[in-house]
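Colleague: Handing over start_34.cif, mmCIF, C-alpha atoms and all ligand atoms.
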```cif
data_start
#
loop_
_atom_site.label_atom_id
_atom_site.label_comp_id
_atom_site.auth_asym_id
_atom_site.auth_seq_id
_atom_site.Cartn_x
_atom_site.Cartn_y
_atom_site.Cartn_z
CA MET Y 272 107.73 73.69 95.65
CA SER Y 273 106.13 75.78 98.40
CA ASN Y 274 102.71 77.32 97.99
CA PRO Y 275 102.84 81.07 98.69
CA ASN Y 276 99.73 82.42 100.35
CA ASN Y 277 96.69 82.88 98.20
CA VAL Y 278 98.04 81.37 95.01
CA SER Y 279 96.19 78.48 93.43
CA LEU Y 280 98.79 76.12 92.06
CA ASN Y 281 97.27 74.82 88.89
CA ILE Y 282 100.31 73.08 87.43
CA ASN Y 283 100.78 73.31 83.69
CA HIS Y 284 103.51 71.56 81.67
CA LYS Y 285 103.28 73.83 78.64
CA LEU Y 286 104.95 77.24 78.35
CA GLU Y 287 101.97 79.59 78.19
CA PHE Y 288 101.42 83.23 79.11
CA ILE Y 289 98.00 84.48 80.12
CA ASP Y 290 96.99 87.32 77.84
CA GLY Y 291 96.78 90.71 79.54
CA ASN Y 292 93.30 91.11 78.10
CA ALA Y 293 92.06 87.60 78.92
CA LEU Y 294 89.56 88.96 81.41
CA THR Y 295 86.58 90.71 79.83
CA ILE Y 296 84.15 91.89 82.45
CA PRO Y 297 80.52 92.38 81.30
CA THR Y 298 78.63 95.64 81.80
CA LEU Y 299 75.30 95.55 83.62
CA SER Y 300 72.67 97.36 81.58
CA ILE Y 301 68.98 97.38 82.57
CA LEU Y 302 67.39 100.40 80.86
CA THR Y 303 67.23 100.96 77.11
CA GLU Y 304 67.57 104.47 75.72
CA ASP Y 305 63.79 104.47 75.26
CA GLY Y 306 63.24 103.89 78.95
CA GLU Y 307 62.30 100.20 78.58
CA ILE Y 308 63.73 97.30 80.55
CA HIS Y 309 66.10 95.22 78.41
CA THR Y 310 64.89 91.70 77.60
CA GLY Y 311 66.35 89.39 80.22
CA ALA Y 312 67.03 92.23 82.68
CA THR Y 313 65.14 92.84 85.91
CA ALA Y 314 64.38 96.29 87.27
CA PRO Y 315 65.60 96.72 90.86
CA ASP Y 316 63.14 97.09 93.67
CA ILE Y 317 62.99 100.90 93.90
CA SER Y 318 60.19 102.85 95.53
CA LYS Y 319 58.40 105.67 93.76
CA HIS Y 320 59.69 108.07 96.41
CA THR Y 321 63.34 107.11 95.84
CA ALA Y 322 62.97 107.06 92.05
CA ILE Y 323 61.45 110.55 92.01
CA LYS Y 324 64.03 111.93 94.43
CA LEU Y 325 66.75 110.44 92.25
CA TYR Y 326 65.28 112.04 89.15
CA GLU Y 327 64.75 115.42 90.83
CA THR Y 328 68.35 115.42 92.01
CA MET Y 329 69.68 114.74 88.50
CA ARG Y 330 67.41 117.41 87.02
CA PHE Y 331 68.48 119.95 89.65
CA ILE Y 332 72.19 119.24 89.17
CA ARG Y 333 71.92 119.57 85.39
CA LEU Y 334 70.31 123.00 85.78
CA LEU Y 335 72.76 124.09 88.48
CA ASP Y 336 75.69 122.99 86.32
CA GLU Y 337 74.39 124.92 83.32
CA ARG Y 338 73.90 128.10 85.36
CA MET Y 339 77.21 127.93 87.20
CA GLN Y 340 79.13 127.19 84.03
CA GLY Y 341 77.57 130.43 82.74
CA ALA Y 342 78.38 132.28 85.98
CA GLN Y 343 82.03 131.35 85.59
CA ARG Y 344 82.01 132.64 82.02
CA GLN Y 345 80.55 135.92 83.30
CA GLY Y 346 83.41 136.16 85.79
CA ARG Y 347 81.14 135.80 88.80
CA ILE Y 348 82.89 132.70 90.13
CA SER Y 349 86.43 131.60 89.37
CA PHE Y 350 85.99 127.92 88.55
CA TYR Y 351 83.39 125.22 87.99
CA MET Y 352 83.17 121.52 87.17
CA GLN Y 353 80.01 120.03 85.75
CA CYS Y 354 79.07 116.35 85.75
CA LEU Y 355 77.37 116.26 82.34
CA GLY Y 356 76.73 112.65 81.31
CA GLU Y 357 77.58 111.26 84.76
CA GLU Y 358 74.48 112.39 86.67
CA ALA Y 359 72.94 108.91 86.87
CA ALA Y 360 76.16 107.22 87.98
CA VAL Y 361 76.62 109.55 90.92
CA THR Y 362 73.00 110.08 91.95
CA ALA Y 363 71.80 106.48 91.66
CA SER Y 364 74.77 105.18 93.63
CA ALA Y 365 74.15 107.74 96.38
CA ALA Y 366 70.45 106.84 96.38
CA ALA Y 367 71.29 103.20 97.13
CA LEU Y 368 73.09 104.10 100.37
CA ASP Y 369 72.08 104.91 103.90
CA GLN Y 370 72.12 108.62 104.81
CA ASN Y 371 74.78 107.89 107.46
CA ASP Y 372 77.17 106.09 105.14
CA MET Y 373 80.31 108.14 104.59
CA ILE Y 374 80.94 109.68 101.20
CA MET Y 375 84.52 110.33 100.11
CA ALA Y 376 84.16 112.05 96.77
CA GLN Y 377 86.61 113.29 94.16
CA TYR Y 378 85.06 116.60 92.95
CA ARG Y 379 82.48 115.72 90.28
CA GLU Y 380 79.93 114.29 92.70
CA GLN Y 381 77.82 117.33 93.59
CA ALA Y 382 74.73 115.20 92.85
CA ALA Y 383 75.51 112.83 95.74
CA LEU Y 384 75.75 115.80 98.08
CA HIS Y 385 72.47 117.27 96.88
CA TYR Y 386 70.78 113.88 97.22
CA ARG Y 387 71.85 113.95 100.89
CA GLY Y 388 70.20 117.35 101.40
CA PHE Y 389 72.87 119.99 100.67
CA THR Y 390 70.79 123.03 99.82
CA LEU Y 391 70.96 125.39 96.88
CA ASP Y 392 72.12 128.20 99.20
CA GLN Y 393 74.85 125.99 100.64
CA PHE Y 394 76.13 125.27 97.13
CA MET Y 395 76.09 128.97 96.28
CA ASN Y 396 77.74 130.12 99.51
CA GLN Y 397 80.60 127.69 98.89
CA MET Y 398 81.06 128.78 95.29
CA PHE Y 399 81.06 132.45 96.22
CA SER Y 400 83.41 131.86 99.20
CA ASN Y 401 81.24 134.04 101.39
CA GLU Y 402 80.97 134.14 105.16
CA LEU Y 403 78.08 131.65 105.15
CA ASP Y 404 80.19 128.99 103.43
CA LEU Y 405 80.70 125.99 105.73
CA GLY Y 406 84.37 126.00 104.75
CA LYS Y 407 84.70 129.77 105.44
CA GLY Y 408 85.88 130.50 101.93
CA ARG Y 409 89.14 128.62 102.34
CA GLN Y 410 88.68 126.34 99.36
CA MET Y 411 88.27 126.97 95.67
CA PRO Y 412 84.72 126.57 94.27
CA ILE Y 413 83.18 123.07 94.16
CA HIS Y 414 85.36 121.76 97.02
CA TYR Y 415 82.30 121.09 99.14
CA GLY Y 416 82.13 119.33 102.48
CA SER Y 417 79.44 118.71 105.07
CA LYS Y 418 79.96 117.03 108.41
CA ALA Y 419 76.20 116.90 109.01
CA LEU Y 420 75.69 115.02 105.73
CA ASN Y 421 78.69 112.68 106.12
CA TYR Y 422 80.41 114.13 103.09
CA MET Y 423 84.15 114.49 103.53
CA THR Y 424 85.51 117.80 102.25
CA ILE Y 425 86.96 117.48 98.75
CA SER Y 426 90.70 117.83 98.41
CA SER Y 427 92.35 118.75 95.12
CA PRO Y 428 95.18 116.20 95.01
CA LEU Y 429 93.87 113.20 93.12
CA GLY Y 430 93.44 109.85 94.82
CA THR Y 431 94.07 110.91 98.41
CA GLN Y 432 90.53 109.94 99.38
CA ILE Y 433 91.06 106.31 98.39
CA PRO Y 434 93.30 105.11 101.26
CA GLN Y 435 91.42 107.48 103.58
CA ALA Y 436 88.17 105.74 102.64
CA THR Y 437 89.68 102.36 103.44
CA GLY Y 438 90.82 103.59 106.84
CA TYR Y 439 87.47 105.20 107.57
CA ALA Y 440 85.59 102.05 106.54
CA TYR Y 441 87.83 99.87 108.65
CA GLY Y 442 86.95 102.09 111.61
CA GLN Y 443 83.25 101.58 110.84
CA LYS Y 444 83.81 97.85 110.96
CA ILE Y 445 85.96 97.32 114.06
CA LYS Y 446 83.18 98.36 116.41
CA HIS Y 447 81.37 95.21 115.28
CA ILE Y 448 84.24 92.77 115.77
CA ASP Y 449 84.10 90.42 118.74
CA ALA Y 450 87.24 91.12 120.78
CA LYS Y 451 87.62 87.46 121.78
CA THR Y 452 87.05 85.71 118.46
CA GLY Y 453 88.17 88.48 116.14
CA GLU Y 454 85.08 87.68 114.01
CA LEU Y 455 82.36 90.05 112.87
CA ALA Y 456 79.76 89.82 115.65
CA SER Y 457 76.99 91.75 113.91
CA THR Y 458 76.22 93.46 110.65
CA ILE Y 459 77.94 96.80 110.19
CA ASP Y 460 75.80 99.94 110.68
CA ASN Y 461 77.41 102.08 108.07
CA ILE Y 462 79.90 101.81 105.29
CA THR Y 463 81.91 104.18 103.08
CA ILE Y 464 81.62 104.91 99.40
CA CYS Y 465 84.67 106.29 97.64
CA TYR Y 466 84.25 108.00 94.26
CA PHE Y 467 87.15 108.57 91.90
CA GLY Y 468 87.81 108.84 88.19
CA GLU Y 469 89.80 106.42 86.09
CA GLY Y 470 92.56 109.06 86.09
CA ALA Y 471 92.78 108.95 89.89
CA ALA Y 472 93.00 105.16 89.59
CA SER Y 473 96.36 105.78 87.89
CA GLU Y 474 97.71 107.16 91.19
CA GLY Y 475 99.64 105.01 93.65
CA ASP Y 476 97.01 105.82 96.28
CA PHE Y 477 94.48 103.74 94.35
CA HIS Y 478 96.61 100.62 94.63
CA ALA Y 479 97.50 101.24 98.27
CA GLY Y 480 93.89 101.89 99.24
CA VAL Y 481 92.26 99.03 97.36
CA ASN Y 482 94.84 96.45 98.44
CA MET Y 483 94.58 97.55 102.06
CA ALA Y 484 90.77 97.24 101.92
CA ALA Y 485 91.06 93.77 100.37
CA VAL Y 486 93.54 92.44 102.92
CA HIS Y 487 91.83 93.95 105.97
CA GLN Y 488 88.31 93.51 104.58
CA ALA Y 489 87.13 97.09 104.99
CA PRO Y 490 83.48 97.79 104.11
CA VAL Y 491 84.10 100.33 101.37
CA ILE Y 492 82.53 100.60 97.94
CA PHE Y 493 85.10 101.86 95.46
CA PHE Y 494 83.08 103.64 92.80
CA ALA Y 495 85.30 104.24 89.78
CA ARG Y 496 83.80 106.70 87.33
CA ASN Y 497 85.42 105.74 84.08
CA ASN Y 498 84.42 108.67 81.87
CA GLY Y 499 87.14 108.09 79.30
CA TYR Y 500 89.38 111.05 80.12
CA ALA Y 501 91.73 112.43 82.77
CA ILE Y 502 91.48 116.06 81.61
CA SER Y 503 92.91 115.63 78.07
CA THR Y 504 94.41 112.15 78.45
CA PRO Y 505 92.14 109.44 77.04
CA ALA Y 506 91.78 106.21 79.00
CA ASP Y 507 93.71 104.21 76.40
CA GLU Y 508 96.75 106.39 77.06
CA GLN Y 509 96.39 105.82 80.80
CA PHE Y 510 96.26 102.04 81.06
CA LYS Y 511 96.14 98.71 79.28
CA GLY Y 512 93.89 95.81 80.25
CA ASP Y 513 90.17 95.63 80.84
CA GLY Y 514 89.42 98.98 82.48
CA ILE Y 515 89.47 99.51 86.22
CA ALA Y 516 87.19 96.57 87.01
CA SER Y 517 89.85 93.96 86.17
CA ARG Y 518 92.03 95.50 88.87
CA GLY Y 519 89.35 94.85 91.50
CA VAL Y 520 89.48 91.18 90.57
CA GLY Y 521 93.29 91.39 90.64
CA TYR Y 522 93.15 92.64 94.21
CA GLY Y 523 90.77 89.83 95.12
CA ILE Y 524 87.60 91.81 95.70
CA LYS Y 525 84.07 91.44 94.34
CA THR Y 526 83.68 93.63 91.28
CA ILE Y 527 80.97 94.72 88.89
CA ARG Y 528 80.95 96.98 85.83
CA VAL Y 529 77.82 98.99 85.11
CA ASP Y 530 76.49 101.28 82.43
CA GLY Y 531 76.84 104.61 84.22
CA THR Y 532 74.15 106.23 82.08
CA ASP Y 533 71.62 103.73 83.43
CA ALA Y 534 70.24 104.84 86.79
CA LEU Y 535 68.55 101.49 87.41
CA ALA Y 536 71.72 99.46 86.77
CA VAL Y 537 73.81 101.72 89.01
CA TYR Y 538 71.15 101.64 91.74
CA ALA Y 539 70.85 97.84 91.61
CA ALA Y 540 74.61 97.28 91.71
CA THR Y 541 75.25 99.73 94.54
CA LYS Y 542 72.34 98.43 96.62
CA LYS Y 543 73.69 94.88 96.36
CA ALA Y 544 77.25 96.05 97.03
CA ARG Y 545 76.09 97.76 100.21
CA GLU Y 546 74.25 94.63 101.37
CA ILE Y 547 77.44 92.61 100.97
CA ALA Y 548 79.58 95.25 102.68
CA VAL Y 549 77.34 95.57 105.77
CA SER Y 550 76.96 91.84 106.25
CA THR Y 551 80.53 90.71 105.59
CA GLY Y 552 82.72 93.81 105.82
CA GLU Y 553 84.09 93.10 102.36
CA PRO Y 554 85.09 95.88 99.97
CA ILE Y 555 83.49 96.00 96.51
CA LEU Y 556 84.60 97.72 93.34
CA ILE Y 557 82.04 99.18 90.92
CA GLU Y 558 83.28 100.54 87.61
CA SER Y 559 80.77 102.86 85.98
CA ILE Y 560 81.16 103.56 82.27
CA ALA Y 561 79.75 106.96 81.28
CA TYR Y 562 81.47 109.32 78.86
CA ARG Y 563 82.29 112.80 80.15
CA LEU Y 564 80.11 114.83 77.81
CA GLY Y 565 81.39 118.23 78.93
CA ALA Y 566 84.78 119.81 79.40
CA HIS Y 567 86.90 118.64 82.32
CA SER Y 568 86.42 122.03 84.01
CA THR Y 569 85.84 125.64 83.05
CA SER Y 570 89.63 125.90 82.57
CA ASP Y 571 89.62 123.25 79.86
CA ASP Y 572 88.83 123.20 76.15
CA PRO Y 573 88.15 119.66 74.90
CA SER Y 574 88.16 120.75 71.24
CA GLY Y 575 91.96 120.66 71.57
CA TYR Y 576 92.06 116.92 72.15
CA ARG Y 577 88.87 115.26 70.91
CA SER Y 578 86.81 115.52 67.78
CA LYS Y 579 83.21 116.64 67.40
CA ASP Y 580 82.53 113.23 65.83
CA GLU Y 581 83.78 111.43 68.90
CA GLU Y 582 81.58 113.58 71.13
CA ALA Y 583 78.59 113.02 68.87
CA ASN Y 584 79.04 109.25 69.19
CA HIS Y 585 78.61 109.41 72.94
CA GLN Y 586 75.50 111.56 73.25
CA VAL Y 587 73.53 109.46 75.73
CA CYS Y 588 71.53 111.48 78.23
CA PRO Y 589 71.17 109.52 81.48
CA ILE Y 590 68.46 111.89 82.69
CA ASP Y 591 66.32 111.44 79.57
CA LYS Y 592 66.62 107.69 79.79
CA PHE Y 593 65.39 107.64 83.36
CA ARG Y 594 62.69 110.25 82.68
CA LYS Y 595 61.23 108.02 79.94
CA TRP Y 596 61.10 105.08 82.37
CA LEU Y 597 59.42 107.22 85.05
CA ILE Y 598 56.81 108.44 82.57
CA LYS Y 599 56.09 104.83 81.57
CA GLN Y 600 55.66 103.96 85.26
CA ASP Y 601 53.14 106.80 85.48
CA TRP Y 602 55.28 108.36 88.20
CA LEU Y 603 56.09 111.54 86.28
CA ASN Y 604 54.07 113.89 84.14
CA GLU Y 605 55.85 115.62 81.26
CA ALA Y 606 54.06 118.97 81.56
CA ASP Y 607 54.78 119.19 85.31
CA ASP Y 608 58.41 118.34 84.59
CA VAL Y 609 58.76 121.25 82.14
CA LYS Y 610 57.14 123.64 84.63
CA ALA Y 611 59.40 122.42 87.47
CA LYS Y 612 62.50 123.07 85.37
CA GLU Y 613 61.46 126.67 84.82
CA SER Y 614 60.89 127.33 88.50
CA ILE Y 615 64.19 125.62 89.49
CA ARG Y 616 66.03 127.88 87.02
CA GLU Y 617 64.47 130.90 88.72
CA GLU Y 618 65.38 129.61 92.19
CA ILE Y 619 68.97 129.03 91.10
CA LEU Y 620 69.29 132.55 89.72
CA ALA Y 621 67.79 134.05 92.88
CA ALA Y 622 70.15 132.04 95.11
CA LEU Y 623 73.12 133.10 92.99
CA LYS Y 624 72.19 136.75 93.41
CA ARG Y 625 71.75 136.26 97.17
CA ALA Y 626 75.13 134.57 97.63
CA GLU Y 627 77.19 136.99 95.61
CA VAL Y 628 76.35 139.94 97.84
CA VAL Y 629 77.05 138.19 101.15
CA ALA Y 630 80.26 139.47 102.76
CA LYS Y 631 83.48 137.49 102.51
CA PRO Y 632 84.69 135.79 105.71
CA ALA Y 633 86.64 137.97 108.12
CA LEU Y 634 90.41 137.80 107.72
CA GLU Y 635 90.78 136.32 111.24
CA GLU Y 636 88.97 133.21 110.02
CA LEU Y 637 92.13 132.33 108.18
CA ILE Y 638 93.83 131.22 111.39
CA SER Y 639 90.91 129.95 113.45
CA ASP Y 640 89.67 126.35 113.89
CA VAL Y 641 92.98 124.49 113.71
CA TYR Y 642 94.04 125.22 117.29
CA ASP Y 643 91.82 126.24 120.21
CA THR Y 644 94.02 129.33 120.45
CA PRO Y 645 96.16 130.09 117.40
CA ILE Y 646 99.81 129.31 118.15
CA PRO Y 647 102.30 132.25 118.29
CA SER Y 648 103.80 131.56 114.84
CA LEU Y 649 100.35 131.63 113.22
CA GLN Y 650 99.43 134.76 115.14
CA ARG Y 651 102.68 136.37 113.94
CA GLN Y 652 101.95 135.48 110.32
CA TYR Y 653 98.47 136.91 110.68
CA GLU Y 654 99.85 140.24 112.01
CA GLN Y 655 102.35 140.34 109.13
CA LEU Y 656 99.56 139.67 106.62
CA LYS Y 657 97.44 142.46 108.10
CA ALA Y 658 100.37 144.88 107.90
CA HIS Y 659 101.02 143.84 104.30
CA ILE Y 660 97.39 144.38 103.27
CA LYS Y 661 97.32 147.79 104.98
CA LEU Y 662 100.43 148.75 103.04
CA HIS Y 663 98.94 147.66 99.68
CA PRO Y 664 95.17 148.25 100.02
CA ASP Y 665 94.64 148.55 96.27
CA ALA Y 666 95.81 144.99 95.75
CA TYR Y 667 93.23 143.66 98.25
CA PRO Y 668 90.05 145.62 97.53
CA VAL Y 669 87.69 143.13 99.21
CA THR Y 670 89.67 142.80 102.42
CA ALA Y 671 91.58 146.05 102.97
CA GLY Y 672 88.69 148.23 104.12
CA ARG Y 673 87.54 145.65 106.67
CA ILE Y 674 90.80 145.35 108.61
CA LYS Y 675 90.90 147.04 111.98
C1 LIG R 701 98.04 114.17 92.41
C2 LIG R 701 97.43 115.00 91.31
N1 LIG R 701 97.94 114.95 90.06
C3 LIG R 701 97.40 115.69 89.09
C4 LIG R 701 96.34 116.51 89.34
C5 LIG R 701 95.74 117.35 88.21
N2 LIG R 701 94.43 116.80 87.83
C6 LIG R 701 93.28 117.30 88.32
S1 LIG R 701 91.95 116.49 87.77
C7 LIG R 701 92.87 115.45 86.82
C8 LIG R 701 92.22 114.38 85.98
C9 LIG R 701 91.45 113.39 86.77
O1 LIG R 701 90.76 112.52 85.93
P1 LIG R 701 89.78 111.44 86.50
O2 LIG R 701 90.28 110.92 87.81
O3 LIG R 701 89.53 110.46 85.45
O4 LIG R 701 88.45 112.23 86.86
P2 LIG R 701 87.50 113.11 85.93
O5 LIG R 701 88.02 114.52 86.04
O6 LIG R 701 87.60 112.58 84.55
O7 LIG R 701 86.14 113.01 86.50
C10 LIG R 701 94.23 115.75 86.95
C11 LIG R 701 95.32 115.04 86.27
C12 LIG R 701 95.83 116.55 90.66
N3 LIG R 701 94.78 117.29 90.99
N4 LIG R 701 96.38 115.77 91.62
#
```
I need this file expressed as structure tokens, please.
Modeller:
Amino acid sequence: MSNPNNVSLNINHKLEFIDGNALTIPTLSILTEDGEIHTGATAPDISKHTAIKLYETMRFIRLLDERMQGAQRQGRISFYMQCLGEEAAVTASAAALDQNDMIMAQYREQAALHYRGFTLDQFMNQMFSNELDLGKGRQMPIHYGSKALNYMTISSPLGTQIPQATGYAYGQKIKHIDAKTGELASTIDNITICYFGEGAASEGDFHAGVNMAAVHQAPVIFFARNNGYAISTPADEQFKGDGIASRGVGYGIKTIRVDGTDALAVYAATKKAREIAVSTGEPILIESIAYRLGAHSTSDDPSGYRSKDEEANHQVCPIDKFRKWLIKQDWLNEADDVKAKESIREEILAALKRAEVVAKPALEELISDVYDTPIPSLQRQYEQLKAHIKLHPDAYPVTAGRIK
């Protein structure tokens, strides 16, 4: 019998099937809910500066989410997605990276962008689609992007970022390959992290992207946020087997599962994953387990598909857990924390009011940026659109008066 590539022939003379659930991958947990280090666990080496920045980012995002959820309810913005319950997973993983590593996010990772330096006004300008928005108002709210911060613009179709991340990471690696030997000649400067939910992992793009990274050894960290739901579909109606992590092993890549409500566990795992990726070029899969405490989006009502009891059973606050640890370290003072929250709330409200009165982008922006000079067919469509708006000004109150 021949030995196909990469198969270990461990001959057996008994008829036996391997159980689909034979692999049970452990979950790394370092912090207790009281902010203590679990017996037998070791806290990662994290500086006070990083730990405080991580905490401040989570605190800011929680307050921003609360306010923008409210703004959508007031009809001031059309759509919002909060990351309630997943703040530590996203922020601590971003904190473990280099500022120049590429981030390919799904849409619930606003905390990673803020950790990088995306400002409150930048968030607001995007959500209000005004002329200061980096994307010129062409995307729906929360589809952020920032070239300066190495944050690829979000796209709505699920999973598309996964093969893109593999390709991008492979590009980051090939500069370091010796042309003669084909071997890695030096450590890689920067890598890619790719965030997605367990629902996106049900897309074909997940399998294409992860397999391609495994075979070509692309330095990408696949960060699967398993929050239990793809909108209303619970994880157990999406897949069998041991979560997303077992698939990493199936594709032959190093894999770890972490408690996504534990900032220290996520930080430790991502830091180590990055070290491996820069030195070897290998991809890594991290599965973070953190229940989605809020609704999928402002267009969703979870009471239609999950019980109050179920939600009550998952009430772990990742921010509280980390705050308790910081207070025990003597790195954070409770009274200052309360005061800071109040002033951040005020700043958020002021920024919201600033952004909502900024003018919308000019209509011409619709056809700029793709070509140096818009091609004739685009120009034609633009003229037709202008004529249409002039004919029906009442239907386009924001734009009609501004067309020349
Ligand atoms: C290709 C594609 N199919 C379906 C959708 C509709 N859709 C948007 S979000 C979502 C659920 C995604 O769940 P998950 O990846 O687990 O992320 P989560 O929202 O839970 O963070 C679905 C089905 C889409 N955007 N793209």
Colleague: Provide the CA of Ala314 in chain Y to CA of Ala539 in chain Y distance in Å, to one decimal place.
Modeller: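 Between CA of Ala314 in chain Y and CA of Ala539 in chain Y the gap works out to 7.9 Å.
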Colleague: Residues within 9 Å of range 494-509 of chain Y, please, as number ranges by chain. Count all atoms listed in the file; anything in the same chain fewer than 2 positions from it doesn't count.
Modeller: Y: 356-357, 360-361, 364, 464-473, 492, 511, 514-516, 531, 541, 555-564, 566-568, 571-573, 575-577
Colleague: Name the residues in contact with Asn371 in chain Y at a cut-off of 10 Å, using only C-alpha atoms, excluding same-chain residues fewer than 5 positions from it; report them as a PyMOL selection string.
Modeller: chain Y and resi 387+419-422+460-463
Colleague: Nearest to Asp305 in chain Y: which of Y:Lys599, Y:Ala606, Y:Leu455, Y:Glu337 is it, counting only C-alpha atoms?
Modeller: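 Of Y:Lys599, Y:Ala606, Y:Leu455, Y:Glu337, the one nearest Asp305 in chain Y is Y:Lys599, counting only C-alpha atoms.
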Colleague: Between Y:Asp476, Y:Glu454, Y:Asp290, Y:Asp372, which one has atoms that come closest to ligand LIG 701 (chain R), using only C-alpha atoms and all ligand atoms?
Modeller: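 Among the listed residues, Y:Asp476 lies closest to ligand LIG 701 (chain R).
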Colleague: Would you compute the distance between CA of Asn401 in chain Y and CA of Pro632 in chain Y? Give it in Å to one decimal.
Modeller: 5.8 Å
Colleague: Find, counting all atoms listed in the file, the residue in Y:Ala626, Y:Val549, Y:Leu299, Y:Leu335 that gets nearest to Ala456 in chain Y.
Modeller: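 The answer is Y:Val549, which sits nearest to Ala456 in chain Y.
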Colleague: Can you measure CA of Thr390 in chain Y to CA of Tyr326 in chain Y for me? One decimal in Å is fine.
Modeller: 16.3 Å
Colleague: For a quick check of understanding, using all atoms listed in the file, which of Y:Thr362, Y:Thr551, Y:Thr303, Y:Asn604 has the smallest distance to Ala322 in chain Y?
Modeller: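 The closest residue to Ala322 in chain Y is Y:Thr362.
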Colleague: From the options Y:Lys592, Y:His487, Y:Arg379, Y:Arg528, which residue's atoms come nearest to ligand LIG 701 (chain R), counting only C-alpha atoms and all ligand atoms?
Modeller: Y:Arg379
Colleague: Name the residues in contact with Gln432 in chain Y at a cut-off of 10 Å, using only C-alpha atoms, excluding same-chain residues fewer than 2 positions from it; report them as a PyMOL selection string.
Modeller: chain Y and resi 374-377+423-430+434-439+465-467+471+476-477+480
Colleague: Residues as selected, C-alpha atoms, written as a PDB file, in the frame of the given file, can you do that?
Modeller:
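Result file again_1.pdb:
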```pdb
ATOM      1  CA  ILE Y 374      80.940 109.680 101.200  1.00  0.00           C
ATOM      2  CA  MET Y 375      84.520 110.330 100.110  1.00  0.00           C
ATOM      3  CA  ALA Y 376      84.160 112.050  96.770  1.00  0.00           C
ATOM      4  CA  GLN Y 377      86.610 113.290  94.160  1.00  0.00           C
ATOM      5  CA  MET Y 423      84.150 114.490 103.530  1.00  0.00           C
ATOM      6  CA  THR Y 424      85.510 117.800 102.250  1.00  0.00           C
ATOM      7  CA  ILE Y 425      86.960 117.480  98.750  1.00  0.00           C
ATOM      8  CA  SER Y 426      90.700 117.830  98.410  1.00  0.00           C
ATOM      9  CA  SER Y 427      92.350 118.750  95.120  1.00  0.00           C
ATOM     10  CA  PRO Y 428      95.180 116.200  95.010  1.00  0.00           C
ATOM     11  CA  LEU Y 429      93.870 113.200  93.120  1.00  0.00           C
ATOM     12  CA  GLY Y 430      93.440 109.850  94.820  1.00  0.00           C
ATOM     13  CA  PRO Y 434      93.300 105.110 101.260  1.00  0.00           C
ATOM     14  CA  GLN Y 435      91.420 107.480 103.580  1.00  0.00           C
ATOM     15  CA  ALA Y 436      88.170 105.740 102.640  1.00  0.00           C
ATOM     16  CA  THR Y 437      89.680 102.360 103.440  1.00  0.00           C
ATOM     17  CA  GLY Y 438      90.820 103.590 106.840  1.00  0.00           C
ATOM     18  CA  TYR Y 439      87.470 105.200 107.570  1.00  0.00           C
ATOM     19  CA  CYS Y 465      84.670 106.290  97.640  1.00  0.00           C
ATOM     20  CA  TYR Y 466      84.250 108.000  94.260  1.00  0.00           C
ATOM     21  CA  PHE Y 467      87.150 108.570  91.900  1.00  0.00           C
ATOM     22  CA  ALA Y 471      92.780 108.950  89.890  1.00  0.00           C
ATOM     23  CA  ASP Y 476      97.010 105.820  96.280  1.00  0.00           C
ATOM     24  CA  PHE Y 477      94.480 103.740  94.350  1.00  0.00           C
ATOM     25  CA  GLY Y 480      93.890 101.890  99.240  1.00  0.00           C
TER      26      GLY Y 480
END
```
Colleague: Using all atoms of range 509-522 of chain Y listed in the file and a margin of 6 Å per side, can you give the axis-aligned box centre and edge lengths in Å to one decimal, as JSON?
Modeller:
```
{"center_x": 91.8, "center_y": 98.5, "center_z": 86.7, "size_x": 21.2, "size_y": 26.6, "size_z": 26.9}
```
Colleague: Kindly indicate which residue among Y:Leu286, Y:Met352, Y:Met395, Y:Met329 lies nearest to ligand LIG 701 (chain R), using only C-alpha atoms and all ligand atoms for the distances.
Modeller: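 Counting only C-alpha atoms and all ligand atoms, the residue closest to ligand LIG 701 (chain R) is Y:Met352.
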Colleague: What's the 10 Å shell around Thr458 in chain Y, counting all atoms listed in the file, without same-chain residues fewer than 5 positions away, as a list in words?
Modeller: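 Once the nearby chain positions are removed, what remains is Lys444, His447, Ile448, Glu546, Ile547, Ala548, Val549, Ser550, Thr551 and Gly552 of chain Y.
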Colleague: If you take only C-alpha atoms and a cut-off of 9 Å, which residues of range 504-558 of chain Y touch range 291-294 of chain Y, and what are their nearest atom pairs and distances in Å to one decimal, in chain and number order, as JSON lines?
Modeller:
```
{"residue": "Y:Lys511", "atom": "CA", "partner": "Y:Gly291", "partner_atom": "CA", "distance": 8.0}
{"residue": "Y:Gly512", "atom": "CA", "partner": "Y:Asn292", "partner_atom": "CA", "distance": 5.2}
{"residue": "Y:Asp513", "atom": "CA", "partner": "Y:Asn292", "partner_atom": "CA", "distance": 6.1}
{"residue": "Y:Ser517", "atom": "CA", "partner": "Y:Leu294", "partner_atom": "CA", "distance": 6.9}
```
Colleague: Identify the residues within 12 Å of coordinate (69.5, 111.6, 96.6) (same frame as the file), considering all atoms listed in the file, and give the answer as a PyMOL selection string.
Modeller: chain Y and resi 320-332+358-370+380-390+420+534+538
